[in-house]
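Student: What follows is a structure written as structure tokens; I'll ask about it next.
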Amino acid sequence: MPALHDLKDEDLQGLAPEAVAALAQQMLQRIRQQAHEIQFKDAKIEKIMFQLAQLKAWKFGAKTEAMNAEQRRLFEETVAEDEASLQAQLDQLRGATPPPESTGENNDNKRKPRRRPLPEHLRRVDHHHEPEDTSCPSPECGRPMVRVGEDVSERLDVIPAEFFVHRHIYGKWACRCCQCLVQEPAAPQIIDGGMPAAGLVAHTMVSHFVDHLPYYRLESINARSGVHTPRSTLASWSGRGGAALVPLYDAHKRFVLSAAVLHADETPVAMLDPGAGKTKRAYVWTYARGAFDAVPGVIYDFCAGRGAQYPVAFLGPEDDRHSDPGWRGTLVRDEYAAYDKVMVAQPGRIPAGCLAHARRKYDELLRDGGKSAVADEALRRIARIYRLERELSALTSQERLARRQRDAKPLWEDLHAWLRLERGRVPDGSATAKALNYSLNAWGALTQN
């Protein structure tokens, strides 16, 4: 029996009862799957709609905040990015084609300004799009068609320090006999109906987020080439470009979380706090595949705080509609208490300690306190373990485990005995005691295979 999506009317004639039952079962499975997808898509649409409403409330509420001109400009640009990104994601979920974006300063104006023509002095790169077959597609005709014109769309692109224009020329082919017109469909773009090509969107995002160039500076830089790009337009491009990167980010996240061993850590970053007149502390959580994975991978998750809810949400399912229980494996992390909740959030997660964090405690003793015989000896013993691990890095996992049991285990046992001996010699509350306690309290995780 043909597959469900290949069935035709004639295939349904004279079906046996068993075939009808099998077909009905396939249809039920397809309906359940589609209902699940629709439910999940509706939930995402509802979430994005809420975020858009919240964003608009912040946007209009910010007018009453006590912000100076610089703070207000940065806040408005960030809102423009987020709004464009959320709207693009919403359009993708709804399957709708977004309206052509305008390039004027005031996008709230009901009368959208006409887009300025691209400067004539810019170099043009022509891309010709013609049908593979220029014969009339009508079955009863098939005669050669005649080119009767073309549509030209121009997109602005940039090579660093040089703007140029892609000219997409779509030839029109018509059959004089059948009055039939054939033309290649428009090539997909990051921003449909907009002026920028993919290269210019990427250049704008890299300049702003990597090179930390404010949009008003990018506007003036582009103006030196005779290209008019208002800062509000640049912010919108970044937002739409960010939405286009979401599927790539999701795919990369799935790849990183497919590893059996993950390394996790968090680092503070300063985030603008509109209305407060200062910045506040946010965090970037980092997740990396194991050091012995054939293909490395690192992914970052920007979060407003350092609580356990952030790594729990990242490593687990997004909601209850997913059957996937979330990531499971060995998590290499420091002794920050939030990771305890991460480990118990899903069964099958194994905690492993980070020797680099333990080593850092002794390094800080030398850097902050000057000479320390305990720190010197601890660093020397840890260096021996590091040297052995470098030798084992080229081995297979089975060979590496065997060598660790034979060569590394005695080094760890000697280190443990020495740490316990030294801990009994130093007073409680001292910096040396704290460094020793960190290693001893985390010993089970540090020696996890």
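Identifiers in this document derive from the order of the structure tokens: chains are assigned A, B, ..., residues are numbered from 1 separately in each chain, and ligands are numbered from 1 in order of occurrence.
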Which of stretch 210-403 of chain A end up as helix (DSSP H, G or I) when DSSP is run on this backbone - answer as an MDAnalysis selection string?
Tutor: chainID A and resid 210 215:223 231:256 309:315 338:345 355:369 373:392 397:403
Student: Can you write just those residues out, C-alpha atoms, as an mmCIF file, in the first residue's frame?
Tutor:
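New file result.cif:
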data_model
loop_
_atom_site.group_PDB
_atom_site.id
_atom_site.type_symbol
_atom_site.label_atom_id
_atom_site.label_comp_id
_atom_site.auth_asym_id
_atom_site.auth_seq_id
_atom_site.Cartn_x
_atom_site.Cartn_y
_atom_site.Cartn_z
ATOM 1 C CA VAL A 210 31.329 42.146 18.452
ATOM 2 C CA TYR A 215 24.292 52.339 15.689
ATOM 3 C CA TYR A 216 24.733 56.095 15.451
ATOM 4 C CA ARG A 217 28.415 55.531 14.660
ATOM 5 C CA LEU A 218 27.573 52.887 12.066
ATOM 6 C CA GLU A 219 25.124 55.347 10.534
ATOM 7 C CA SER A 220 27.858 57.955 10.118
ATOM 8 C CA ILE A 221 30.365 55.356 8.849
ATOM 9 C CA ASN A 222 27.940 54.233 6.152
ATOM 10 C CA ALA A 223 27.121 57.840 5.283
ATOM 11 C CA ARG A 231 20.108 53.926 13.302
ATOM 12 C CA SER A 232 16.554 52.675 13.786
ATOM 13 C CA THR A 233 16.877 50.731 10.547
ATOM 14 C CA LEU A 234 20.200 49.234 11.621
ATOM 15 C CA ALA A 235 18.635 48.120 14.910
ATOM 16 C CA SER A 236 15.757 46.500 13.023
ATOM 17 C CA TRP A 237 18.182 44.647 10.741
ATOM 18 C CA SER A 238 20.004 43.261 13.776
ATOM 19 C CA GLY A 239 16.747 42.072 15.312
ATOM 20 C CA ARG A 240 15.634 40.353 12.107
ATOM 21 C CA GLY A 241 19.097 38.852 11.658
ATOM 22 C CA GLY A 242 18.995 37.507 15.193
ATOM 23 C CA ALA A 243 15.661 35.818 14.482
ATOM 24 C CA ALA A 244 17.185 34.172 11.407
ATOM 25 C CA LEU A 245 19.975 32.735 13.573
ATOM 26 C CA VAL A 246 17.556 31.089 16.045
ATOM 27 C CA PRO A 247 17.261 27.779 14.066
ATOM 28 C CA LEU A 248 21.069 27.612 13.800
ATOM 29 C CA TYR A 249 21.385 28.240 17.542
ATOM 30 C CA ASP A 250 18.806 25.530 18.284
ATOM 31 C CA ALA A 251 20.658 23.047 16.058
ATOM 32 C CA HIS A 252 23.977 23.906 17.711
ATOM 33 C CA LYS A 253 22.401 23.497 21.142
ATOM 34 C CA ARG A 254 21.160 20.017 20.203
ATOM 35 C CA PHE A 255 24.674 19.150 19.004
ATOM 36 C CA VAL A 256 26.372 20.352 22.194
ATOM 37 C CA GLN A 309 16.726 27.834 37.412
ATOM 38 C CA TYR A 310 18.795 28.978 34.429
ATOM 39 C CA PRO A 311 20.971 25.869 33.907
ATOM 40 C CA VAL A 312 18.039 23.642 34.902
ATOM 41 C CA ALA A 313 15.910 25.194 32.143
ATOM 42 C CA PHE A 314 18.746 25.067 29.587
ATOM 43 C CA LEU A 315 19.655 21.431 30.155
ATOM 44 C CA ALA A 338 23.328 25.979 42.331
ATOM 45 C CA TYR A 339 24.720 22.950 40.488
ATOM 46 C CA ASP A 340 23.323 20.666 43.198
ATOM 47 C CA LYS A 341 19.805 21.477 41.962
ATOM 48 C CA VAL A 342 20.943 20.927 38.384
ATOM 49 C CA MET A 343 22.135 17.428 39.204
ATOM 50 C CA VAL A 344 18.887 16.346 40.891
ATOM 51 C CA ALA A 345 16.630 18.000 38.281
ATOM 52 C CA LEU A 355 40.539 20.360 38.998
ATOM 53 C CA ALA A 356 41.250 23.749 37.412
ATOM 54 C CA HIS A 357 38.950 25.422 39.964
ATOM 55 C CA ALA A 358 40.633 23.547 42.827
ATOM 56 C CA ARG A 359 44.059 24.512 41.510
ATOM 57 C CA ARG A 360 42.982 28.148 41.265
ATOM 58 C CA LYS A 361 42.523 28.300 45.053
ATOM 59 C CA TYR A 362 46.232 27.566 45.591
ATOM 60 C CA ASP A 363 47.266 29.908 42.813
ATOM 61 C CA GLU A 364 45.273 32.670 44.533
ATOM 62 C CA LEU A 365 47.113 31.920 47.794
ATOM 63 C CA LEU A 366 50.417 32.711 46.090
ATOM 64 C CA ARG A 367 49.079 35.720 44.220
ATOM 65 C CA ASP A 368 47.309 37.326 47.179
ATOM 66 C CA GLY A 369 49.325 36.121 50.168
ATOM 67 C CA ALA A 373 54.638 26.275 51.158
ATOM 68 C CA VAL A 374 51.260 24.494 51.042
ATOM 69 C CA ALA A 375 50.270 26.240 47.806
ATOM 70 C CA ASP A 376 53.658 25.497 46.198
ATOM 71 C CA GLU A 377 53.425 21.811 47.047
ATOM 72 C CA ALA A 378 49.775 21.555 45.955
ATOM 73 C CA LEU A 379 50.564 23.137 42.570
ATOM 74 C CA ARG A 380 53.526 20.811 42.115
ATOM 75 C CA ARG A 381 51.421 17.703 42.811
ATOM 76 C CA ILE A 382 48.596 18.889 40.539
ATOM 77 C CA ALA A 383 51.127 19.623 37.770
ATOM 78 C CA ARG A 384 52.174 15.950 37.840
ATOM 79 C CA ILE A 385 48.543 14.933 37.242
ATOM 80 C CA TYR A 386 48.255 17.449 34.407
ATOM 81 C CA ARG A 387 51.417 16.128 32.718
ATOM 82 C CA LEU A 388 50.094 12.590 32.857
ATOM 83 C CA GLU A 389 46.705 13.665 31.444
ATOM 84 C CA ARG A 390 48.464 15.305 28.481
ATOM 85 C CA GLU A 391 50.183 12.000 27.760
ATOM 86 C CA LEU A 392 46.848 10.154 27.902
ATOM 87 C CA SER A 397 38.785 5.918 26.247
ATOM 88 C CA GLN A 398 39.459 2.311 27.303
ATOM 89 C CA GLU A 399 43.233 2.801 27.203
ATOM 90 C CA ARG A 400 42.950 6.107 29.029
ATOM 91 C CA LEU A 401 40.864 4.530 31.812
ATOM 92 C CA ALA A 402 43.367 1.714 32.230
ATOM 93 C CA ARG A 403 46.318 4.124 32.438
#
Student: Tell me, as a short mmCIF file (atom, residue, chain, number, x, y, z; two decimals) with C-alpha atoms, in the first residue's frame, which residues lie within 10 Å of stretch 175-180 of chain A, counting only C-alpha atoms; anything in the same chain fewer than 5 positions away does not count.
Tutor:
data_model
loop_
_atom_site.label_atom_id
_atom_site.label_comp_id
_atom_site.auth_asym_id
_atom_site.auth_seq_id
_atom_site.Cartn_x
_atom_site.Cartn_y
_atom_site.Cartn_z
CA THR A 134 12.14 28.48 -22.03
CA SER A 135 9.60 26.40 -23.93
CA CYS A 136 5.91 27.03 -23.33
CA PRO A 137 4.76 24.86 -20.36
CA SER A 138 1.32 24.29 -21.90
CA GLU A 140 -0.72 21.42 -26.13
CA CYS A 141 1.86 24.03 -27.17
CA GLY A 142 5.50 23.55 -26.17
CA ARG A 143 6.79 26.27 -28.51
CA PRO A 144 9.83 28.43 -27.67
CA MET A 145 8.92 31.52 -25.66
CA VAL A 146 10.17 35.05 -26.22
CA ARG A 147 11.81 37.17 -23.51
CA VAL A 148 9.47 40.13 -23.01
#
Student: Might you pull out every residue within 7 Å of stretch 290-292 of chain A, with only C-alpha atoms counted and same-chain residues fewer than 2 positions away left off, and present them as a list in words?
Tutor: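 The residues satisfying every condition are Val261, Leu262, His263, Ala288 and Ala294 of chain A.
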Student: Just to be explicit: take each residue in the selection above, keep all heavy atoms, and write the result as a PDB file, in the first residue's frame.
Tutor:
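Below you can see again.pdb, which holds the result:
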ATOM      1  N   VAL A 261      29.542  14.085  28.066  1.00  0.00           N
ATOM      2  CA  VAL A 261      30.258  14.866  29.080  1.00  0.00           C
ATOM      3  C   VAL A 261      30.147  16.338  28.719  1.00  0.00           C
ATOM      4  O   VAL A 261      30.428  16.728  27.583  1.00  0.00           O
ATOM      5  CB  VAL A 261      31.740  14.452  29.172  1.00  0.00           C
ATOM      6  CG1 VAL A 261      32.476  15.323  30.194  1.00  0.00           C
ATOM      7  CG2 VAL A 261      31.871  12.982  29.531  1.00  0.00           C
ATOM      8  N   LEU A 262      29.718  17.152  29.685  1.00  0.00           N
ATOM      9  CA  LEU A 262      29.608  18.590  29.485  1.00  0.00           C
ATOM     10  C   LEU A 262      30.409  19.322  30.554  1.00  0.00           C
ATOM     11  O   LEU A 262      30.461  18.895  31.714  1.00  0.00           O
ATOM     12  CB  LEU A 262      28.146  19.053  29.573  1.00  0.00           C
ATOM     13  CG  LEU A 262      27.247  18.918  28.355  1.00  0.00           C
ATOM     14  CD1 LEU A 262      25.892  19.538  28.652  1.00  0.00           C
ATOM     15  CD2 LEU A 262      27.856  19.577  27.132  1.00  0.00           C
ATOM     16  N   HIS A 263      31.015  20.428  30.146  1.00  0.00           N
ATOM     17  CA  HIS A 263      31.661  21.344  31.081  1.00  0.00           C
ATOM     18  C   HIS A 263      30.777  22.582  31.190  1.00  0.00           C
ATOM     19  O   HIS A 263      30.364  23.144  30.162  1.00  0.00           O
ATOM     20  CB  HIS A 263      33.054  21.740  30.598  1.00  0.00           C
ATOM     21  CG  HIS A 263      34.022  20.597  30.552  1.00  0.00           C
ATOM     22  ND1 HIS A 263      35.034  20.442  31.459  1.00  0.00           N
ATOM     23  CD2 HIS A 263      34.116  19.534  29.706  1.00  0.00           C
ATOM     24  CE1 HIS A 263      35.718  19.350  31.180  1.00  0.00           C
ATOM     25  NE2 HIS A 263      35.180  18.777  30.114  1.00  0.00           N
ATOM     26  N   ALA A 288      30.207  23.413  27.319  1.00  0.00           N
ATOM     27  CA  ALA A 288      31.159  22.913  26.321  1.00  0.00           C
ATOM     28  C   ALA A 288      31.159  21.389  26.319  1.00  0.00           C
ATOM     29  O   ALA A 288      31.017  20.748  27.369  1.00  0.00           O
ATOM     30  CB  ALA A 288      32.569  23.429  26.613  1.00  0.00           C
ATOM     31  N   ALA A 294      35.340  14.039  19.626  1.00  0.00           N
ATOM     32  CA  ALA A 294      36.007  14.207  18.332  1.00  0.00           C
ATOM     33  C   ALA A 294      35.755  15.589  17.745  1.00  0.00           C
ATOM     34  O   ALA A 294      36.637  16.189  17.133  1.00  0.00           O
ATOM     35  CB  ALA A 294      35.535  13.120  17.357  1.00  0.00           C
TER      36      ALA A 294
END
Student: Enumerate, as a PyMOL selection string, the complete set of residues in stretch 262-380 of chain A that a backbone-based DSSP assignment places in strand (DSSP E).
Tutor: chain A and resi 262-273+278-289+298-303+330-333+350-353
Student: Out of A:Val165, A:Val332, A:Leu440, A:Ala21, which residue has the shortest atom-to-atom distance to A:Ala260 when counting only C-alpha atoms?
Tutor: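 Comparing A:Val165, A:Val332, A:Leu440, A:Ala21 against A:Ala260, the winner is A:Val332.
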Student: Just checking: using only C-alpha atoms, which residue out of A:Ala198, A:Leu122, A:Ile190, A:Val269 ends up closest to A:Phe164?
Tutor: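 That would be A:Leu122, the residue with the smallest distance to A:Phe164.
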Student: From the set A:Cys354, A:Ala431, A:Val426, A:Ile169, which residue has the shortest atom-to-atom contact distance to A:Leu446, counting only C-alpha atoms?
Tutor: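 The shortest atom-to-atom distance to A:Leu446 comes from A:Cys354.
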Student: One decimal, in Å: what's the spacing between atom CA of A:Gln405 and atom CA of A:Tyr336?
Tutor: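 Separation of atom CA of A:Gln405 and atom CA of A:Tyr336: 28.3 Å.
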Student: Select, from A:His168, A:Ala264, A:Arg94, A:Ile48, the residue with the minimum atom-to-atom distance to A:Asp126, counting only C-alpha atoms.
Tutor: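 Among the listed residues, A:His168 lies closest to A:Asp126.
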Student: Using atom CA of A:Thr330 and atom CA of A:Tyr438 as the two end points, give the distance in Å to one decimal.
Tutor: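 So the answer is 20.1 Å.
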